[in-house]
Structures are given as structure tokens and as C-alpha cells.
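Everything below concerns the one structure shown next.
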Amino acid sequence: MEPRSRATVTIDRTSLEVSRIVLGTGSLHHLFSGSARTALLSAAVDAGVTHFDTAPYYGDGLGEASIGALAPGLRARIGVTTKIGLYPRQGPVGNSLVLWARRILGKALRRDGSPRADLSLARSRASLESSLRTLRRERIEFLLLHEPVLAEIPHEALAAWLADEVRAGRVGAVGVAGERARVEPFVAQGSPLAQVVQTRDTCSRREADFLAAHGRTLQFTYGYFSGGGSSFAEALERNAHGAIIFSTRRMERLQEVARCLR
């Protein structure tokens with residue numbers, strides 16, 4: 001199975017095509033102004049990135065909101081992965097000022113800043129509806145369970161509901177996202193919720209090799225660039241048939257992406 005081009009790939013077990021390099025929005029909120037976030041996302045598309053990875057938890061909602069704030073013509077050129085299962089404890093924010101005020105106050109008061117985990121069927125349904133509104137989309141290409149624990153979720157109910165959403169066309173494919181300890185039980189069981197796997201990997205430690213033991217290829221992988229890490233070329237060679245996720249707040253970093261996707 002060979003990638004269709006240097007720029008794009010069809011994710012294994014789906015018919016969905018994405019850019020080989022995906023922009024993650026987990027750190028996007030570090031750009032304080034909405035205009036700066038819009039400029040970065042627009043530059044990513046110009047560089048050849050046609051898929052963004054986000055979640056309700058990222059930036060306490062600013063990740064999804066920033067994608068939704070793009071002009072309609074630009075939104076029509078991209079696909080999106082978002083998630084269900086992890087949420088900001090105090091709910092989503094509307095701007096960076098509120099987010100940073102919340103975080104500074106939280107540290108001063110020693111509040112728990114960890115996400116709230118909830119993969120109940122009712123919360124998951126509500127989360128999808130919220131994401132569609134915030135992203136201003138009629139369809140989510142990939143909807144992933146965010147750091148799920150197999151023994152703690154209503155597995156059959158979630159699988160049935162998500163199958164209905166795929167048939168209705170509001171979701172393209174479903175999957176699980178997280179560290180090996182969270183996602184491998186779904187893969188080992190052959191769960192329909194693990195159609196797509198997004199997990200950590202590096203060129204040196206090869207954390208995602210566990211997938212091959214279950215007859216799976218690398219689909220979405222992240223973690224190559226933390227602490228210096230690998231180059232884009234090395235990461236793309238490591239995950240030769242899927243897509244790598246990276247995050248940046250630097251325009252010059254997107255110039256590197258453009259060179260890789262030519």
C-alpha cells in the first residue's frame with residue numbers, strides 16, 4: 001500500500017484522504033489573539049495542510065473555536081479530527097483572556113487543572129453536537145474517543161451510536177486517541193471503536209510498534225518533535241502510510257511543512 005502522493009494519504013481502514021502532515025491545535029491557545037490564530041491556520045492550509053486535529057479540551061475550547069472562526073471558503077478546504085471524552089472542568093471559554101485568567105487563578109488557588117473525563121452516551125452525544133456547532137461543520141471526518149479506558153465506558157452503546165452517525169454521514173470514521181496503555185486494549189479486542197488509532201510514536205523509541213503485533217498499520221501518530229526530536233523527513237519515513245500530527249505557533253515552521261508536501 002503506497003501513499004497516493006507526497007502530500008496526501010488515504011487513512012488505512014477508511015476512504016478518507018488527509019494531508020500527510022496534520023496540524024494539531026493543542027497549543028494554539030498560546031497565540032493570544034484570534035487574528036493570530038486565524039493567520040496561523042490559514043498559513044497552514046497555504047502550506048498544504050488539509051487536515052486539522054483538535055478536541056473540546058484543547059485550549060478549553062479555543063482549538064475548535066479557532067477552526068470554526070475561519071472563513072467559509074477556507075473551512076471548505078479542510079477536514080477535521082475532533083474527540084469526545086475529555087472536557088475542561090469549568091467549561092469552554094470564548095477567548096484567550098478568559099482562558100489565561102482562569103489558569104492563573106487556578107494555579108493561585110491550587111485548583112485541579114486536569115480534564116474532566118466523561119464517555120457516557122449522553123455526554124458523548126452532546127459533545128458531538130457542540131463540536132459540529134463550534135466548528136461550523138455538518139460533518140466530522142474523524143471522531144475519536146479521547147484517552148478512553150475500555151473497562152469504564154458503555155462500549156456497546158457507544159459503538160451502536162457512532163455506527164448510526166457514520167451511516168447518517170455526520171461522522172466519517174471513528175477511533176481511539178491516546179497513549180498505548182489506553183488504546184491497545186481496544187485494538188487487541190478488535191473493537192469497532194478502534195477503526196482508527198491515533199497514538200504517540202517516536203523514531204527512536206518506536207512506541208507505536210505494538211500496532212503491528214495486532215496486524216495494524218500506523219494511521220495518525222504524534223510525538224516526533226518534542227524536545228527537538230526528529231525532522232519532518234524522518235517522521236514521514238517512520239509513518240510511511242499514515243499521517244503525522246504536529247503543533248506549532250511559528251510561521252517559519254510552516255515553510256518546512258510546505259517543502260515536505262511539495
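Simple scheme: letters A, B, ... for chains in C-alpha cells order, numbers from 1 for residues in each chain, numbers from 1 for ligands in the order shown.
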
message = Please list as a VMD selection string every residue within 9 Å of A:Arg6, counting only C-alpha atoms and excluding residues in the same chain fewer than 6 positions away.
response = chain A and resid 19 to 20 260 to 262

- [ ] Apply DSSP to the backbone of this structure and, from stretch 22-254 of chain A, keep only the residues in strand (DSSP E or B); write these as a PyMOL selection string.
- [x] chain A and resi 22-24+51-53+79-84+86-87+116-117+140-146+171-177+196-200+220-222+243-246

Would you list the contacts of stretch 90-106 of chain A as number ranges by chain, taking every protein, DNA or RNA residue within 12 Å and counting only C-alpha atoms, but skipping same-chain residues closer than 2 positions in sequence? A: 27-37, 55-66, 69, 86-88, 108-116, 127, 130-131, 134

Shell of 12 Å around A:Val149, only C-alpha atoms, local chain residues under 5 positions omitted, as an mmCIF file with N, CA and C atoms, in the first residue's frame:
data_model
loop_
_atom_site.group_PDB
_atom_site.id
_atom_site.type_symbol
_atom_site.label_atom_id
_atom_site.label_comp_id
_atom_site.auth_asym_id
_atom_site.auth_seq_id
_atom_site.Cartn_x
_atom_site.Cartn_y
_atom_site.Cartn_z
ATOM 1 N N GLY A 85 -14.853 12.815 25.153
ATOM 2 C CA GLY A 85 -14.369 12.117 26.336
ATOM 3 C C GLY A 85 -13.630 12.948 27.354
ATOM 4 N N LEU A 86 -12.882 13.983 26.936
ATOM 5 C CA LEU A 86 -12.180 14.863 27.859
ATOM 6 C C LEU A 86 -12.656 16.294 27.654
ATOM 7 N N ALA A 117 -13.148 13.678 32.629
ATOM 8 C CA ALA A 117 -13.374 12.555 31.724
ATOM 9 C C ALA A 117 -14.830 12.102 31.805
ATOM 10 N N ASP A 118 -15.459 11.966 30.649
ATOM 11 C CA ASP A 118 -16.860 11.526 30.612
ATOM 12 C C ASP A 118 -17.159 10.950 29.236
ATOM 13 N N LEU A 119 -17.240 9.643 29.155
ATOM 14 C CA LEU A 119 -17.608 8.984 27.906
ATOM 15 C C LEU A 119 -18.962 8.295 28.017
ATOM 16 N N SER A 120 -19.825 8.856 28.849
ATOM 17 C CA SER A 120 -21.205 8.370 28.870
ATOM 18 C C SER A 120 -21.841 8.664 27.523
ATOM 19 N N PRO A 154 -19.408 2.675 28.248
ATOM 20 C CA PRO A 154 -20.519 1.856 27.731
ATOM 21 C C PRO A 154 -20.224 1.450 26.289
ATOM 22 N N HIS A 155 -19.373 0.456 26.135
ATOM 23 C CA HIS A 155 -18.783 0.121 24.851
ATOM 24 C C HIS A 155 -19.828 -0.142 23.765
ATOM 25 N N VAL A 176 -9.911 5.701 18.367
ATOM 26 C CA VAL A 176 -9.432 5.977 19.720
ATOM 27 C C VAL A 176 -8.142 6.773 19.624
ATOM 28 N N ALA A 177 -7.941 7.658 20.600
ATOM 29 C CA ALA A 177 -6.759 8.515 20.608
ATOM 30 C C ALA A 177 -6.134 8.490 21.988
ATOM 31 N N GLY A 178 -4.820 8.229 22.044
ATOM 32 C CA GLY A 178 -4.164 8.274 23.336
ATOM 33 C C GLY A 178 -2.905 7.440 23.382
ATOM 34 N N GLU A 179 -2.353 7.344 24.582
ATOM 35 C CA GLU A 179 -1.161 6.545 24.808
ATOM 36 C C GLU A 179 -1.471 5.052 24.630
ATOM 37 N N ARG A 180 -0.418 4.276 24.453
ATOM 38 C CA ARG A 180 -0.573 2.841 24.184
ATOM 39 C C ARG A 180 -1.449 2.149 25.226
ATOM 40 N N ALA A 181 -1.239 2.457 26.516
ATOM 41 C CA ALA A 181 -1.989 1.765 27.565
ATOM 42 C C ALA A 181 -3.485 1.975 27.421
ATOM 43 N N ARG A 182 -3.889 3.106 26.840
ATOM 44 C CA ARG A 182 -5.314 3.382 26.690
ATOM 45 C C ARG A 182 -5.901 2.789 25.407
ATOM 46 N N VAL A 183 -5.127 2.801 24.329
ATOM 47 C CA VAL A 183 -5.716 2.405 23.047
ATOM 48 C C VAL A 183 -5.495 0.935 22.693
ATOM 49 N N GLU A 184 -4.413 0.317 23.203
ATOM 50 C CA GLU A 184 -4.142 -1.072 22.804
ATOM 51 C C GLU A 184 -5.240 -2.046 23.211
ATOM 52 N N PRO A 185 -5.888 -1.904 24.380
ATOM 53 C CA PRO A 185 -6.969 -2.843 24.696
ATOM 54 C C PRO A 185 -8.090 -2.847 23.655
ATOM 55 N N PHE A 186 -8.392 -1.707 23.071
ATOM 56 C CA PHE A 186 -9.416 -1.645 22.025
ATOM 57 C C PHE A 186 -8.940 -2.383 20.775
#

* Excluding A:Arg238 and residues on its chain fewer than 2 positions from it, collect all residues at most 9 Å away from it, counting only C-alpha atoms, and give them as a ChimeraX atom specification. => /A:202-203,206,233-236,240-241

key: Distance of atom CA of A:Gln189 from atom CA of A:Ile21, expressed in Å to one decimal place   =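 The value is 29.1 Å.
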
Spatial neighbours of A:Val171, max dist 6 Å, only C-alpha atoms, sep filter under 4 positions, as a ChimeraX atom specification: /A:139-141,165-166

Print the selection's residues with N, CA and C atoms to a file, as a PDB file, in the first residue's frame.
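Heads up, here's the output in selection_14.pdb:
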ATOM      1  N   ARG A 139     -20.189  17.836   9.153  1.00  0.00           N
ATOM      2  CA  ARG A 139     -19.583  16.507   9.193  1.00  0.00           C
ATOM      3  C   ARG A 139     -18.218  16.598   9.868  1.00  0.00           C
ATOM      4  N   ILE A 140     -17.940  15.624  10.700  1.00  0.00           N
ATOM      5  CA  ILE A 140     -16.616  15.452  11.299  1.00  0.00           C
ATOM      6  C   ILE A 140     -15.963  14.257  10.611  1.00  0.00           C
ATOM      7  N   GLU A 141     -14.821  14.456  10.011  1.00  0.00           N
ATOM      8  CA  GLU A 141     -14.193  13.359   9.276  1.00  0.00           C
ATOM      9  C   GLU A 141     -13.781  12.214  10.207  1.00  0.00           C
ATOM     10  N   GLU A 165     -24.126   7.374  13.455  1.00  0.00           N
ATOM     11  CA  GLU A 165     -23.633   8.673  12.994  1.00  0.00           C
ATOM     12  C   GLU A 165     -22.846   8.530  11.691  1.00  0.00           C
ATOM     13  N   VAL A 166     -22.109   7.445  11.546  1.00  0.00           N
ATOM     14  CA  VAL A 166     -21.384   7.195  10.301  1.00  0.00           C
ATOM     15  C   VAL A 166     -22.378   6.950   9.165  1.00  0.00           C
TER      16      VAL A 166
END

Grab the atom CA of A:Ala43 to atom CA of A:Leu254 distance for me, in Å with one decimal place.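 Atom CA of A:Leu254 lies 7.2 Å from atom CA of A:Ala43.
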
Atom CA of A:Val187 sits from atom CA of A:Arg216 at a separation of 8.5 Å

Check: Do you know which residues are at most 12 Å from A:Trp161 counting only C-alpha atoms, after dropping those on the same chain fewer than 6 positions away, and could you put them as a PyMOL selection string?
Finding: chain A and resi 120-122+124-125+128+154-155+167-168+170-171+174+192-193

Generate the output file for the selected residues, N, CA and C atoms, as a PDB file, in the first residue's frame.
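Output below, filename result-v4.pdb:
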ATOM      1  N   SER A 120     -19.825   8.856  28.849  1.00  0.00           N
ATOM      2  CA  SER A 120     -21.205   8.370  28.870  1.00  0.00           C
ATOM      3  C   SER A 120     -21.841   8.664  27.523  1.00  0.00           C
ATOM      4  N   LEU A 121     -22.864   7.908  27.180  1.00  0.00           N
ATOM      5  CA  LEU A 121     -23.512   8.097  25.886  1.00  0.00           C
ATOM      6  C   LEU A 121     -24.131   9.487  25.785  1.00  0.00           C
ATOM      7  N   ALA A 122     -24.795   9.949  26.837  1.00  0.00           N
ATOM      8  CA  ALA A 122     -25.447  11.252  26.795  1.00  0.00           C
ATOM      9  C   ALA A 122     -24.428  12.374  26.604  1.00  0.00           C
ATOM     10  N   SER A 124     -21.429  12.137  25.341  1.00  0.00           N
ATOM     11  CA  SER A 124     -20.795  11.999  24.037  1.00  0.00           C
ATOM     12  C   SER A 124     -21.688  12.554  22.928  1.00  0.00           C
ATOM     13  N   ARG A 125     -22.989  12.280  23.023  1.00  0.00           N
ATOM     14  CA  ARG A 125     -23.927  12.847  22.040  1.00  0.00           C
ATOM     15  C   ARG A 125     -23.891  14.371  22.080  1.00  0.00           C
ATOM     16  N   LEU A 128     -20.650  15.807  20.500  1.00  0.00           N
ATOM     17  CA  LEU A 128     -20.645  15.845  19.042  1.00  0.00           C
ATOM     18  C   LEU A 128     -21.465  17.023  18.531  1.00  0.00           C
ATOM     19  N   PRO A 154     -19.408   2.675  28.248  1.00  0.00           N
ATOM     20  CA  PRO A 154     -20.519   1.856  27.731  1.00  0.00           C
ATOM     21  C   PRO A 154     -20.224   1.450  26.289  1.00  0.00           C
ATOM     22  N   HIS A 155     -19.373   0.456  26.135  1.00  0.00           N
ATOM     23  CA  HIS A 155     -18.783   0.121  24.851  1.00  0.00           C
ATOM     24  C   HIS A 155     -19.828  -0.142  23.765  1.00  0.00           C
ATOM     25  N   ARG A 167     -23.404   6.145   9.433  1.00  0.00           N
ATOM     26  CA  ARG A 167     -24.405   5.882   8.392  1.00  0.00           C
ATOM     27  C   ARG A 167     -25.137   7.160   7.999  1.00  0.00           C
ATOM     28  N   ALA A 168     -25.353   8.033   8.963  1.00  0.00           N
ATOM     29  CA  ALA A 168     -26.051   9.294   8.680  1.00  0.00           C
ATOM     30  C   ALA A 168     -25.159  10.297   7.968  1.00  0.00           C
ATOM     31  N   ARG A 170     -22.719  12.111   9.319  1.00  0.00           N
ATOM     32  CA  ARG A 170     -22.211  13.215  10.142  1.00  0.00           C
ATOM     33  C   ARG A 170     -20.812  12.926  10.666  1.00  0.00           C
ATOM     34  N   VAL A 171     -20.397  11.666  10.628  1.00  0.00           N
ATOM     35  CA  VAL A 171     -19.060  11.247  11.025  1.00  0.00           C
ATOM     36  C   VAL A 171     -18.512  10.354   9.923  1.00  0.00           C
ATOM     37  N   VAL A 174     -14.535   6.475  12.960  1.00  0.00           N
ATOM     38  CA  VAL A 174     -14.400   6.589  14.421  1.00  0.00           C
ATOM     39  C   VAL A 174     -13.105   5.914  14.860  1.00  0.00           C
ATOM     40  N   PRO A 192     -14.909  -2.267  17.283  1.00  0.00           N
ATOM     41  CA  PRO A 192     -15.275  -1.379  16.176  1.00  0.00           C
ATOM     42  C   PRO A 192     -14.955   0.076  16.472  1.00  0.00           C
ATOM     43  N   LEU A 193     -14.733   0.394  17.742  1.00  0.00           N
ATOM     44  CA  LEU A 193     -14.354   1.759  18.104  1.00  0.00           C
ATOM     45  C   LEU A 193     -12.902   2.054  17.751  1.00  0.00           C
TER      46      LEU A 193
END

| said: Nearest residue to A:Ile78 out of A:Leu158, A:Val18, A:Gly24, A:Arg253, using only C-alpha atoms? | reply: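 Once distances to A:Ile78 are computed over only C-alpha atoms, the minimum belongs to A:Val18.
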
Where in stretch 5-63 of chain A does DSSP assign alpha helix (DSSP H), given as an mmCIF file with N, CA and C atoms, in the first residue's frame?
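Dumped to result-v9.cif:
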data_model
loop_
_atom_site.group_PDB
_atom_site.id
_atom_site.type_symbol
_atom_site.label_atom_id
_atom_site.label_comp_id
_atom_site.auth_asym_id
_atom_site.auth_seq_id
_atom_site.Cartn_x
_atom_site.Cartn_y
_atom_site.Cartn_z
ATOM 1 N N GLY A 34 -7.256 36.161 18.446
ATOM 2 C CA GLY A 34 -7.962 35.359 17.463
ATOM 3 C C GLY A 34 -7.409 35.556 16.069
ATOM 4 N N SER A 35 -7.001 36.785 15.749
ATOM 5 C CA SER A 35 -6.456 37.051 14.413
ATOM 6 C C SER A 35 -5.148 36.302 14.190
ATOM 7 N N ALA A 36 -4.327 36.176 15.244
ATOM 8 C CA ALA A 36 -3.069 35.431 15.111
ATOM 9 C C ALA A 36 -3.340 33.949 14.895
ATOM 10 N N ARG A 37 -4.340 33.419 15.587
ATOM 11 C CA ARG A 37 -4.684 32.002 15.398
ATOM 12 C C ARG A 37 -5.225 31.769 13.992
ATOM 13 N N THR A 38 -6.067 32.669 13.522
ATOM 14 C CA THR A 38 -6.606 32.544 12.165
ATOM 15 C C THR A 38 -5.489 32.616 11.132
ATOM 16 N N ALA A 39 -4.537 33.529 11.334
ATOM 17 C CA ALA A 39 -3.429 33.671 10.391
ATOM 18 C C ALA A 39 -2.592 32.399 10.334
ATOM 19 N N LEU A 40 -2.365 31.772 11.484
ATOM 20 C CA LEU A 40 -1.572 30.546 11.508
ATOM 21 C C LEU A 40 -2.306 29.413 10.797
ATOM 22 N N LEU A 41 -3.579 29.240 11.087
ATOM 23 C CA LEU A 41 -4.347 28.170 10.453
ATOM 24 C C LEU A 41 -4.426 28.391 8.942
ATOM 25 N N SER A 42 -4.597 29.639 8.527
ATOM 26 C CA SER A 42 -4.656 29.945 7.094
ATOM 27 C C SER A 42 -3.330 29.646 6.422
ATOM 28 N N ALA A 43 -2.230 29.994 7.093
ATOM 29 C CA ALA A 43 -0.905 29.717 6.537
ATOM 30 C C ALA A 43 -0.658 28.217 6.427
ATOM 31 N N ALA A 44 -1.189 27.455 7.371
ATOM 32 C CA ALA A 44 -1.043 26.004 7.312
ATOM 33 C C ALA A 44 -1.716 25.448 6.061
ATOM 34 N N VAL A 45 -2.906 25.936 5.759
ATOM 35 C CA VAL A 45 -3.603 25.478 4.550
ATOM 36 C C VAL A 45 -2.802 25.857 3.311
ATOM 37 N N ASP A 46 -2.277 27.080 3.297
ATOM 38 C CA ASP A 46 -1.463 27.511 2.162
ATOM 39 C C ASP A 46 -0.218 26.640 2.004
ATOM 40 N N LEU A 62 -10.801 26.611 22.748
ATOM 41 C CA LEU A 62 -10.312 27.550 21.739
ATOM 42 C C LEU A 62 -9.786 26.841 20.494
ATOM 43 N N GLY A 63 -9.355 25.579 20.631
ATOM 44 C CA GLY A 63 -8.906 24.841 19.461
ATOM 45 C C GLY A 63 -10.020 24.702 18.435
#
